[in-house]
Structures are given as structure tokens and as C-alpha cells.
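**Student:** You'll find work_20.cif just under this line, and it carries mmCIF, C-alpha atoms.
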```
data_model
#
loop_
_atom_site.label_atom_id
_atom_site.label_comp_id
_atom_site.auth_asym_id
_atom_site.auth_seq_id
_atom_site.Cartn_x
_atom_site.Cartn_y
_atom_site.Cartn_z
CA MET A 1 95.63 113.36 86.71
CA LEU A 2 94.62 110.05 85.18
CA PRO A 3 92.22 110.38 82.23
CA PHE A 4 90.00 107.52 83.39
CA SER A 5 87.19 109.83 84.49
CA GLU A 6 86.93 111.13 80.93
CA TYR A 7 86.33 107.72 79.37
CA PRO A 8 82.88 106.95 77.99
CA VAL A 9 80.59 104.79 80.12
CA ARG A 10 79.18 101.46 79.02
CA PRO A 11 76.09 100.10 80.79
CA ALA A 12 75.93 96.93 82.87
CA SER A 13 74.15 95.22 79.96
CA PHE A 14 77.52 95.22 78.15
CA ALA A 15 78.42 92.10 80.15
CA ALA A 16 75.80 90.05 78.32
CA SER A 17 77.65 90.64 75.02
CA LEU A 18 80.88 88.99 76.19
CA GLY A 19 79.83 85.34 76.20
CA SER A 20 81.96 82.72 77.90
CA THR A 21 84.65 84.67 79.75
CA VAL A 22 87.96 83.76 81.37
CA VAL A 23 89.57 86.15 83.86
CA ILE A 24 93.34 85.89 84.22
CA ALA A 25 94.73 87.17 87.53
CA PRO A 26 98.46 87.61 88.17
CA HIS A 27 97.89 87.30 91.94
CA PRO A 28 95.01 86.27 94.18
CA ASP A 29 92.96 89.49 94.58
CA ASP A 30 93.57 90.97 91.11
CA GLU A 31 90.41 89.28 89.84
CA ALA A 32 88.34 91.06 92.52
CA LEU A 33 90.13 94.42 92.35
CA GLY A 34 90.38 94.80 88.59
CA CYS A 35 87.19 93.22 87.34
CA GLY A 36 85.15 91.86 90.24
CA GLY A 37 82.20 94.00 89.23
CA LEU A 38 82.24 92.70 85.68
CA LEU A 39 82.49 89.11 86.92
CA ALA A 40 79.39 89.65 89.05
CA LEU A 41 77.58 91.18 86.08
CA LEU A 42 78.54 88.24 83.88
CA ARG A 43 76.97 85.80 86.30
CA GLN A 44 73.86 87.97 86.56
CA ALA A 45 73.69 87.77 82.76
CA ALA A 46 74.07 83.96 82.93
CA GLN A 47 77.37 84.02 81.01
CA PRO A 48 79.91 81.26 81.84
CA VAL A 49 82.92 82.46 83.81
CA ALA A 50 86.21 80.70 84.55
CA ALA A 51 89.44 81.89 86.15
CA VAL A 52 93.20 81.50 85.85
CA LEU A 53 95.62 82.31 88.69
CA VAL A 54 99.09 82.95 87.31
CA SER A 55 101.42 83.26 90.33
CA ASP A 56 101.61 81.39 93.61
CA GLY A 57 101.04 84.58 95.62
CA THR A 58 103.71 83.77 98.20
CA MET A 59 105.69 87.02 98.16
CA SER A 60 103.20 89.33 99.87
CA HIS A 61 104.67 88.19 103.22
CA PRO A 62 107.99 86.52 102.37
CA ASN A 63 109.44 86.87 105.87
CA SER A 64 106.76 84.92 107.68
CA ALA A 65 108.24 82.13 109.80
CA ARG A 66 104.91 80.72 110.93
CA PHE A 67 103.78 80.27 107.33
CA SER A 68 106.13 78.52 104.92
CA ALA A 69 105.91 79.37 101.23
CA PRO A 70 103.63 76.35 100.54
CA ALA A 71 101.42 77.42 103.47
CA ARG A 72 101.21 80.99 102.19
CA ARG A 73 100.31 79.67 98.77
CA ALA A 74 97.54 77.52 100.28
CA VAL A 75 96.07 80.49 102.17
CA ARG A 76 96.04 82.72 99.14
CA GLU A 77 94.60 80.08 96.84
CA ALA A 78 91.83 79.48 99.37
CA GLU A 79 91.09 83.21 99.43
CA PHE A 80 91.03 83.21 95.63
CA ARG A 81 88.49 80.38 95.55
CA HIS A 82 86.38 82.11 98.20
CA ALA A 83 86.33 85.34 96.19
CA LEU A 84 85.27 83.43 93.08
CA THR A 85 82.41 81.88 95.03
CA ILE A 86 81.22 85.34 96.07
CA LEU A 87 81.40 86.49 92.46
CA TRP A 88 79.46 83.41 91.34
CA ALA A 89 82.37 82.32 89.16
CA ASP A 90 83.17 79.06 90.91
CA GLU A 91 81.40 76.43 88.85
CA THR A 92 84.53 75.69 86.82
CA GLU A 93 87.74 74.60 88.54
CA PRO A 94 90.25 77.44 88.12
CA LEU A 95 93.57 76.90 86.38
CA LEU A 96 96.40 77.48 88.88
CA LEU A 97 99.66 78.00 87.00
CA GLY A 98 101.72 78.33 90.20
CA LEU A 99 104.42 80.56 88.68
CA PRO A 100 106.77 82.31 91.13
CA ASP A 101 105.29 85.47 92.64
CA SER A 102 107.34 88.54 91.63
CA ARG A 103 109.11 86.46 88.97
CA VAL A 104 106.39 85.56 86.46
CA PRO A 105 108.21 84.88 83.17
CA ALA A 106 107.69 87.55 80.52
CA SER A 107 109.31 85.97 77.45
CA PRO A 108 110.01 82.56 75.88
CA ALA A 109 113.61 82.91 77.05
CA GLU A 110 112.52 82.61 80.69
CA PRO A 111 111.78 79.27 82.37
CA GLY A 112 108.12 78.37 82.51
CA PHE A 113 106.88 80.79 79.84
CA THR A 114 106.34 78.29 77.02
CA GLU A 115 104.72 75.74 79.33
CA ALA A 116 102.38 78.41 80.74
CA VAL A 117 101.34 79.50 77.24
CA ALA A 118 100.47 75.89 76.36
CA GLN A 119 98.40 75.52 79.54
CA LEU A 120 96.60 78.80 78.93
CA ARG A 121 95.77 77.91 75.36
CA ALA A 122 94.40 74.50 76.35
CA PHE A 123 92.29 76.09 79.10
CA LEU A 124 90.88 78.82 76.86
CA GLU A 125 90.03 76.30 74.18
CA HIS A 126 88.42 73.93 76.68
CA GLN A 127 86.30 76.78 78.04
CA GLN A 128 85.44 77.91 74.50
CA ALA A 129 86.29 81.40 75.70
CA ALA A 130 84.72 84.25 73.77
CA THR A 131 86.38 86.90 75.96
CA VAL A 132 89.51 87.02 78.08
CA LEU A 133 90.11 89.56 80.87
CA VAL A 134 93.78 90.34 81.38
CA PRO A 135 95.77 93.10 83.11
CA TRP A 136 96.53 96.23 81.09
CA ARG A 137 99.77 95.53 79.25
CA ARG A 138 101.64 98.30 81.09
CA ASP A 139 99.96 98.04 84.47
CA PRO A 140 102.81 99.11 86.79
CA HIS A 141 103.71 95.75 88.31
CA PRO A 142 106.17 93.36 86.64
CA ASP A 143 103.93 90.32 87.18
CA HIS A 144 100.99 92.13 85.59
CA ARG A 145 103.06 93.01 82.54
CA ALA A 146 104.42 89.49 82.33
CA THR A 147 100.90 88.10 82.53
CA ALA A 148 99.90 90.34 79.63
CA GLN A 149 102.83 88.94 77.66
CA LEU A 150 101.80 85.36 78.45
CA VAL A 151 98.28 86.05 77.25
CA GLN A 152 99.46 87.85 74.13
CA ALA A 153 101.65 84.88 73.17
CA THR A 154 98.73 82.56 73.82
CA LEU A 155 96.25 84.50 71.69
CA VAL A 156 98.69 84.86 68.80
CA ALA A 157 98.97 81.07 68.68
CA MET A 158 95.20 80.54 68.51
CA PRO A 159 93.48 80.42 65.11
CA HIS A 160 90.35 82.05 66.56
CA PRO A 161 91.45 83.99 69.64
CA PRO A 162 88.89 85.36 72.09
CA ARG A 163 88.12 89.02 72.53
CA ARG A 164 90.62 90.69 74.88
CA LEU A 165 89.69 93.26 77.51
CA GLU A 166 92.48 94.75 79.62
CA TYR A 167 91.76 95.88 83.19
CA VAL A 168 93.77 98.14 85.49
CA VAL A 169 94.91 97.55 89.06
CA TRP A 170 98.17 99.34 89.89
CA ALA A 171 97.71 101.99 87.21
CA TRP A 172 95.32 103.73 89.60
CA GLU A 173 98.20 104.45 92.00
CA ARG A 174 101.47 104.13 90.14
CA ALA A 175 100.93 104.95 86.48
CA ALA A 176 103.54 107.18 84.86
CA PRO A 177 102.53 108.96 81.64
CA GLU A 178 104.28 106.30 79.58
CA ASP A 179 102.23 103.57 81.27
CA LEU A 180 98.96 104.93 79.88
CA PRO A 181 97.62 104.18 76.39
CA ALA A 182 99.34 105.89 73.48
CA PRO A 183 98.13 106.16 69.86
CA ALA A 184 100.46 103.33 68.87
CA ASP A 185 98.60 100.98 71.22
CA ALA A 186 95.43 101.35 69.12
CA VAL A 187 93.14 100.80 72.10
CA GLN A 188 90.09 102.59 73.38
CA GLY A 189 89.38 103.06 77.06
CA PHE A 190 85.96 102.87 78.65
CA ARG A 191 84.35 102.77 82.05
CA LEU A 192 81.91 100.01 82.84
CA ASN A 193 79.01 100.74 85.17
CA ILE A 194 79.28 97.98 87.78
CA GLU A 195 76.87 99.41 90.34
CA ALA A 196 74.71 96.29 90.11
CA GLY A 197 77.72 94.13 90.98
CA LEU A 198 79.50 96.46 93.40
CA ARG A 199 78.30 94.72 96.56
CA GLN A 200 79.69 91.37 95.39
CA LYS A 201 82.93 93.05 94.33
CA GLN A 202 83.45 94.56 97.76
CA ARG A 203 82.75 91.24 99.45
CA ALA A 204 85.18 89.49 97.10
CA ILE A 205 87.94 92.01 97.88
CA ALA A 206 87.33 91.49 101.60
CA ALA A 207 87.64 87.72 101.08
CA HIS A 208 91.36 88.28 100.49
CA ARG A 209 91.87 88.77 104.23
CA SER A 210 95.63 88.35 104.12
CA GLN A 211 95.89 91.36 101.81
CA VAL A 212 93.38 93.79 103.31
CA ALA A 213 93.75 93.46 107.08
CA PRO A 214 96.31 92.31 109.65
CA GLY A 215 95.54 89.02 111.31
CA VAL A 216 96.55 86.26 108.88
CA PHE A 217 100.31 86.47 108.26
CA THR A 218 101.00 88.19 111.57
CA ASP A 219 104.73 87.63 111.90
CA ASP A 220 105.95 89.64 108.91
CA ALA A 221 105.86 93.29 109.95
CA GLU A 222 107.00 94.39 106.49
CA GLY A 223 104.43 92.27 104.66
CA PHE A 224 102.08 93.77 102.10
CA LEU A 225 98.61 95.07 102.82
CA LEU A 226 96.45 96.99 100.35
CA PRO A 227 96.35 100.56 101.70
CA PRO A 228 93.00 102.32 102.19
CA GLU A 229 93.80 104.94 99.57
CA MET A 230 94.24 102.24 96.95
CA LEU A 231 91.17 100.30 98.02
CA ALA A 232 89.19 103.51 97.59
CA HIS A 233 89.73 103.29 93.83
CA PHE A 234 87.85 99.99 93.79
CA ALA A 235 84.90 101.14 95.87
CA GLY A 236 83.28 103.19 93.13
CA PRO A 237 80.64 102.20 90.57
CA TYR A 238 82.99 101.99 87.57
CA GLU A 239 85.76 99.71 86.34
CA VAL A 240 88.21 100.78 83.63
CA TYR A 241 88.97 98.64 80.59
CA PHE A 242 90.93 98.93 77.36
CA GLU A 243 90.07 97.17 74.12
CA ALA A 244 91.71 97.13 70.70
CA LEU A 245 90.22 99.52 68.20
CA GLU A 246 88.36 97.93 65.34
CA SER A 247 90.45 97.98 62.19
#
```
Mind converting the file's structure to C-alpha cells?
**Tutor:**
Amino acid sequence: MLPFSEYPVRPASFAASLGSTVVIAPHPDDEALGCGGLLALLRQAAQPVAAVLVSDGTMSHPNSARFSAPARRAVREAEFRHALTILWADETEPLLLGLPDSRVPASPAEPGFTEAVAQLRAFLEHQQAATVLVPWRRDPHPDHRATAQLVQATLVAMPHPPRRLEYVVWAWERAAPEDLPAPADAVQGFRLNIEAGLRQKQRAIAAHRSQVAPGVFTDDAEGFLLPPEMLAHFAGPYEVYFEALES
């Protein structure tokens, strides 16, 4: 059983301590699933929020003939923008890196990694980010892990990097023991009470129609939809985060 239910709870007022925040989503919907409640709380606390979308999101339904890859990208980016509007995080134009879905580069040896790090750094500096929200470094999806690597390389290059909070998405369903925090990670886990932002979070998840219900990409029978049992993890009043221990 995952230890998340044993983590200490932080109140909704925690959001007000984060300052200007940038959420970094590997795919359109990760921002709503992993930290939609916190994003809603940040706006309620009048903290600036901006967003980065890492991949082009085209591989959820790769066999669609009616929707070309550029068309699938357009649909998913529109859903992403809609979700941000619901979460009140739409005042700043998001950064769309457009990296290949399922093939986000994870190291400087891979094409696009260095360029993405430069774009991320420029965006974080322009936003004067005090906090960055990024997937847990071993969240069980290769694009999530690659995104964590991109952010790590970006923060290392910054003289005054923002605070880093790591959220979970696939760890709810797929985490093996080795995917969870170990002493060597030097992180602490906590649950954030998002009850005051839960309604907006649920609406933002639903805004990703192509991922939660049939009816958008209808000609790919093997395409991806978020199953009800996974969505159930994101219907509760808590979100899980990890943060580096103070040295």
C-alpha cells in the first residue's frame, strides 16, 4: 500500500507562502491531475501562476486518421488552455515546448534537451518564479521522469533557483517500491488540503475531454482514456507533494 495516507497534512493557507508559481506539465492534463487543487488555491491567495507544457500530447491517440498529429496537438493544447482558465491560471501565456510525446528528452545527449533547458530558464526568470511545480522525479512515466530531469538541469543552472515541489500522477497507480522516496532522496512528503479548490480541479480535469471520455478522437479504438479507478485518486481533498529536506 502506498504510504501517502500517512503523510502529514498542510492546510490550504500553505499556498499563500509559495509566491509566484510555475507549473510544469509533461502532458496536457497533468497540471489538473497532479496539482489542480493547488493551482486553484494559489489564485484564491492572489499568487501569480504560469504554466509550461512540455510535450505535444499527440500520442494518446496515435492511430487516429481523422485527426493528424498537428490536429491532435491543437485539440490538446486547447484543452490545456481551457483547464488553465478554469483554474484561474490563464493570465500569462503558457510556454509550449512542443517536445515529442512519449519521447521527451531526458539528458543533454538527446536532441532538444539543451534547447528546452534554455527556454525553461528564460521563462522561469521572466516570471520571477519563487516556486516550481514539477512531476515527482520517479513518477512511473518516461515523459514525467524526463520532465523532472529537464527541470533539474534548469534549476542547477540558475544562480537563485525557485523552490521545487514535486507532484505525483502515475505513482498513484503504477508505483513500484523503488519509485517511492528513499532516504537518499532527502525529501519529505506531505498532503495538501485542497478541499477549497477541489471543485475547480474537477472541472479542469473534465476540460480534457479527449482524455476522460469518448467522443473527441473517435477513430482510434486503442487510444488512451483515463480510467475511472485512476480518476478516483484525484477526486479526494488532498494532493501529494515532495520537497527537499532543509539542510
**Student:** Would you mind listing what lies within 7 Å of region 44-56 of chain A as a list in words, with all atoms listed in the file counted and same-chain residues fewer than 6 positions away left out?
**Tutor:** Ala15, Ala16, Gly19, Ser20, Thr21, Val22, Val23, Ile24, Ala25, Pro26, His27, Pro28, Arg73, Ala89, Thr92, Pro94, Leu95, Leu96, Leu97, Gly98, Leu99, Pro100, Asp101 and Val104 of chain A
**Student:** Any chance you could export the current selection's C-alpha atoms as an mmCIF file, in the frame of the given file?
**Tutor:**
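The result, written out as again_13.cif:
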```cif
data_model
loop_
_atom_site.group_PDB
_atom_site.id
_atom_site.type_symbol
_atom_site.label_atom_id
_atom_site.label_comp_id
_atom_site.auth_asym_id
_atom_site.auth_seq_id
_atom_site.Cartn_x
_atom_site.Cartn_y
_atom_site.Cartn_z
ATOM 1 C CA ALA A 15 78.420 92.100 80.150
ATOM 2 C CA ALA A 16 75.800 90.050 78.320
ATOM 3 C CA GLY A 19 79.830 85.340 76.200
ATOM 4 C CA SER A 20 81.960 82.720 77.900
ATOM 5 C CA THR A 21 84.650 84.670 79.750
ATOM 6 C CA VAL A 22 87.960 83.760 81.370
ATOM 7 C CA VAL A 23 89.570 86.150 83.860
ATOM 8 C CA ILE A 24 93.340 85.890 84.220
ATOM 9 C CA ALA A 25 94.730 87.170 87.530
ATOM 10 C CA PRO A 26 98.460 87.610 88.170
ATOM 11 C CA HIS A 27 97.890 87.300 91.940
ATOM 12 C CA PRO A 28 95.010 86.270 94.180
ATOM 13 C CA ARG A 73 100.310 79.670 98.770
ATOM 14 C CA ALA A 89 82.370 82.320 89.160
ATOM 15 C CA THR A 92 84.530 75.690 86.820
ATOM 16 C CA PRO A 94 90.250 77.440 88.120
ATOM 17 C CA LEU A 95 93.570 76.900 86.380
ATOM 18 C CA LEU A 96 96.400 77.480 88.880
ATOM 19 C CA LEU A 97 99.660 78.000 87.000
ATOM 20 C CA GLY A 98 101.720 78.330 90.200
ATOM 21 C CA LEU A 99 104.420 80.560 88.680
ATOM 22 C CA PRO A 100 106.770 82.310 91.130
ATOM 23 C CA ASP A 101 105.290 85.470 92.640
ATOM 24 C CA VAL A 104 106.390 85.560 86.460
#
```
**Student:** List the neighbours of region 36-40 of chain A out to 10 Å using all atoms listed in the file; skip same-chain residues closer than 3 positions along the sequence, and give me the result as number ranges by chain.
**Tutor:** A: 12, 14-15, 21-23, 29-33, 43-50, 83-84, 86-89, 133, 192-205, 234, 237-239
**Student:** Next, dump the selected residues to file, keeping only C-alpha atoms, as a short mmCIF file (atom, residue, chain, number, x, y, z; two decimals), keeping the file's coordinate frame.
**Tutor:**
```cif
data_model
loop_
_atom_site.label_atom_id
_atom_site.label_comp_id
_atom_site.auth_asym_id
_atom_site.auth_seq_id
_atom_site.Cartn_x
_atom_site.Cartn_y
_atom_site.Cartn_z
CA ALA A 12 75.93 96.93 82.87
CA PHE A 14 77.52 95.22 78.15
CA ALA A 15 78.42 92.10 80.15
CA THR A 21 84.65 84.67 79.75
CA VAL A 22 87.96 83.76 81.37
CA VAL A 23 89.57 86.15 83.86
CA ASP A 29 92.96 89.49 94.58
CA ASP A 30 93.57 90.97 91.11
CA GLU A 31 90.41 89.28 89.84
CA ALA A 32 88.34 91.06 92.52
CA LEU A 33 90.13 94.42 92.35
CA ARG A 43 76.97 85.80 86.30
CA GLN A 44 73.86 87.97 86.56
CA ALA A 45 73.69 87.77 82.76
CA ALA A 46 74.07 83.96 82.93
CA GLN A 47 77.37 84.02 81.01
CA PRO A 48 79.91 81.26 81.84
CA VAL A 49 82.92 82.46 83.81
CA ALA A 50 86.21 80.70 84.55
CA ALA A 83 86.33 85.34 96.19
CA LEU A 84 85.27 83.43 93.08
CA ILE A 86 81.22 85.34 96.07
CA LEU A 87 81.40 86.49 92.46
CA TRP A 88 79.46 83.41 91.34
CA ALA A 89 82.37 82.32 89.16
CA LEU A 133 90.11 89.56 80.87
CA LEU A 192 81.91 100.01 82.84
CA ASN A 193 79.01 100.74 85.17
CA ILE A 194 79.28 97.98 87.78
CA GLU A 195 76.87 99.41 90.34
CA ALA A 196 74.71 96.29 90.11
CA GLY A 197 77.72 94.13 90.98
CA LEU A 198 79.50 96.46 93.40
CA ARG A 199 78.30 94.72 96.56
CA GLN A 200 79.69 91.37 95.39
CA LYS A 201 82.93 93.05 94.33
CA GLN A 202 83.45 94.56 97.76
CA ARG A 203 82.75 91.24 99.45
CA ALA A 204 85.18 89.49 97.10
CA ILE A 205 87.94 92.01 97.88
CA PHE A 234 87.85 99.99 93.79
CA PRO A 237 80.64 102.20 90.57
CA TYR A 238 82.99 101.99 87.57
CA GLU A 239 85.76 99.71 86.34
#
```
**Student:** Using the chain letters and residue numbers of this document, give as an NGL selection string the residues selected by the PyMOL selection byres ((chain A and resi 210) around 9).
**Tutor:** :A and (60 or 75-76 or 79 or 207-209 or 211-217 or 224-225)
**Student:** Name the residues that the PyMOL selection byres ((chain A and resi 118) around 12) pulls out of this structure, and write them as a PyMOL selection string.
**Tutor:** chain A and resi 97+108+112-117+119-125+150-151+153-158
**Student:** Per residue of region 104-171 of chain A within 7 Å of region 175-188 of chain A, record the nearest atom pair and its distance in Å to one decimal, counting only C-alpha atoms, with rows in chain order and ascending residue number, as a Markdown table.
**Tutor:**
```
| residue | atom | partner | partner_atom | distance |
| --- | --- | --- | --- | --- |
| A:Arg138 | CA | A:Asp179 | CA | 5.3 |
| A:Asp139 | CA | A:Asp179 | CA | 6.8 |
| A:Pro140 | CA | A:Ala175 | CA | 6.1 |
| A:Ala171 | CA | A:Ala175 | CA | 4.4 |
```
**Student:** For CA of Thr85 (chain A) and CA of Cys35 (chain A), determine how far apart the two atoms are, in Å to one decimal place.
**Tutor:**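 Computed distance, CA of Thr85 (chain A) to CA of Cys35 (chain A), equals 14.5 Å.
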**Student:** Work out how far CA of Leu18 (chain A) is from CA of Gln127 (chain A), in Å to one decimal.
**Tutor:**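 Computing the Euclidean distance for CA of Gln127 (chain A) and CA of Leu18 (chain A) yields 13.5 Å.
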**Student:** Which residues, named as in the file, does the PyMOL selection byres ((chain A and resi 163) around 8) pick out? Answer as a list in words.
**Tutor:** Ala130, Thr131, Val132, Pro161, Pro162, Arg164 and Leu165 of chain A
**Student:** For Tyr241 (chain A), which residue out of A:Glu77, A:Asp143, A:Glu166, A:Glu110 is the nearest one, using all atoms listed in the file?
**Tutor:**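 Result for the nearest residue to Tyr241 (chain A): A:Glu166.
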**Student:** So how many Å separate CA of Ser17 (chain A) and CA of Ala129 (chain A), to one decimal?
**Tutor:**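 Those two atoms sit 12.7 Å apart.
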**Student:** Got a sec: who's within 9 Å of Glu173 (chain A), counting all atoms listed in the file, leaving out chain neighbours fewer than 3 positions off, as a ChimeraX atom specification?
**Tutor:** /A:140,169-170,229-230,233
**Student:** Generate a file of the selected residues that holds C-alpha atoms, formatted as an mmCIF file, in the coordinates of the input.
**Tutor:**
```cif
data_model
loop_
_atom_site.group_PDB
_atom_site.id
_atom_site.type_symbol
_atom_site.label_atom_id
_atom_site.label_comp_id
_atom_site.auth_asym_id
_atom_site.auth_seq_id
_atom_site.Cartn_x
_atom_site.Cartn_y
_atom_site.Cartn_z
ATOM 1 C CA PRO A 140 102.810 99.110 86.790
ATOM 2 C CA VAL A 169 94.910 97.550 89.060
ATOM 3 C CA TRP A 170 98.170 99.340 89.890
ATOM 4 C CA GLU A 229 93.800 104.940 99.570
ATOM 5 C CA MET A 230 94.240 102.240 96.950
ATOM 6 C CA HIS A 233 89.730 103.290 93.830
#
```
**Student:** Take region 162-186 of chain A, bring it up to N, CA and C atoms, and give me the output as an mmCIF file, keeping the file's coordinate frame.
**Tutor:**
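What follows is the written file out01.cif:
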```cif
data_model
loop_
_atom_site.group_PDB
_atom_site.id
_atom_site.type_symbol
_atom_site.label_atom_id
_atom_site.label_comp_id
_atom_site.auth_asym_id
_atom_site.auth_seq_id
_atom_site.Cartn_x
_atom_site.Cartn_y
_atom_site.Cartn_z
ATOM 1 N N PRO A 162 90.009 84.641 71.495
ATOM 2 C CA PRO A 162 88.890 85.360 72.090
ATOM 3 C C PRO A 162 89.130 86.868 72.111
ATOM 4 N N ARG A 163 88.056 87.571 72.325
ATOM 5 C CA ARG A 163 88.120 89.020 72.530
ATOM 6 C C ARG A 163 88.952 89.299 73.778
ATOM 7 N N ARG A 164 89.720 90.377 73.760
ATOM 8 C CA ARG A 164 90.620 90.690 74.880
ATOM 9 C C ARG A 164 90.246 92.044 75.481
ATOM 10 N N LEU A 165 89.920 92.033 76.756
ATOM 11 C CA LEU A 165 89.690 93.260 77.510
ATOM 12 C C LEU A 165 90.773 93.365 78.574
ATOM 13 N N GLU A 166 91.382 94.533 78.683
ATOM 14 C CA GLU A 166 92.480 94.750 79.620
ATOM 15 C C GLU A 166 92.012 95.631 80.777
ATOM 16 N N TYR A 167 92.206 95.151 81.997
ATOM 17 C CA TYR A 167 91.760 95.880 83.190
ATOM 18 C C TYR A 167 92.956 96.487 83.921
ATOM 19 N N VAL A 168 92.692 97.464 84.767
ATOM 20 C CA VAL A 168 93.770 98.140 85.490
ATOM 21 C C VAL A 168 93.664 97.846 86.984
ATOM 22 N N VAL A 169 94.822 97.713 87.609
ATOM 23 C CA VAL A 169 94.910 97.550 89.060
ATOM 24 C C VAL A 169 95.888 98.607 89.598
ATOM 25 N N TRP A 170 97.173 98.422 89.345
ATOM 26 C CA TRP A 170 98.170 99.340 89.890
ATOM 27 C C TRP A 170 98.244 100.657 89.131
ATOM 28 N N ALA A 171 97.685 100.717 87.940
ATOM 29 C CA ALA A 171 97.710 101.990 87.210
ATOM 30 C C ALA A 171 96.975 103.091 87.957
ATOM 31 N N TRP A 172 96.024 102.721 88.815
ATOM 32 C CA TRP A 172 95.320 103.730 89.600
ATOM 33 C C TRP A 172 96.286 104.507 90.502
ATOM 34 N N GLU A 173 97.311 103.843 91.018
ATOM 35 C CA GLU A 173 98.200 104.450 92.000
ATOM 36 C C GLU A 173 99.567 104.814 91.433
ATOM 37 N N ARG A 174 100.052 104.029 90.508
ATOM 38 C CA ARG A 174 101.470 104.130 90.140
ATOM 39 C C ARG A 174 101.727 104.517 88.695
ATOM 40 N N ALA A 175 100.712 104.754 87.911
ATOM 41 C CA ALA A 175 100.930 104.950 86.480
ATOM 42 C C ALA A 175 101.744 106.220 86.204
ATOM 43 N N ALA A 176 102.820 106.055 85.439
ATOM 44 C CA ALA A 176 103.540 107.180 84.860
ATOM 45 C C ALA A 176 102.903 107.478 83.506
ATOM 46 N N PRO A 177 103.146 108.638 82.944
ATOM 47 C CA PRO A 177 102.530 108.960 81.640
ATOM 48 C C PRO A 177 102.772 107.888 80.588
ATOM 49 N N GLU A 178 103.970 107.308 80.599
ATOM 50 C CA GLU A 178 104.280 106.300 79.580
ATOM 51 C C GLU A 178 103.569 104.970 79.824
ATOM 52 N N ASP A 179 102.968 104.796 80.986
ATOM 53 C CA ASP A 179 102.230 103.570 81.270
ATOM 54 C C ASP A 179 100.813 103.598 80.699
ATOM 55 N N LEU A 180 100.328 104.783 80.369
ATOM 56 C CA LEU A 180 98.960 104.930 79.880
ATOM 57 C C LEU A 180 98.909 104.716 78.373
ATOM 58 N N PRO A 181 97.726 104.451 77.826
ATOM 59 C CA PRO A 181 97.620 104.180 76.390
ATOM 60 C C PRO A 181 98.145 105.322 75.535
ATOM 61 N N ALA A 182 98.836 104.948 74.474
ATOM 62 C CA ALA A 182 99.340 105.890 73.480
ATOM 63 C C ALA A 182 98.701 105.543 72.136
ATOM 64 N N PRO A 183 98.729 106.458 71.172
ATOM 65 C CA PRO A 183 98.130 106.160 69.860
ATOM 66 C C PRO A 183 98.630 104.863 69.251
ATOM 67 N N ALA A 184 99.916 104.550 69.462
ATOM 68 C CA ALA A 184 100.460 103.330 68.870
ATOM 69 C C ALA A 184 99.834 102.067 69.442
ATOM 70 N N ASP A 185 99.238 102.154 70.630
ATOM 71 C CA ASP A 185 98.600 100.980 71.220
ATOM 72 C C ASP A 185 97.297 100.611 70.527
ATOM 73 N N ALA A 186 96.690 101.581 69.850
ATOM 74 C CA ALA A 186 95.430 101.350 69.120
ATOM 75 C C ALA A 186 94.375 100.701 70.005
#
```
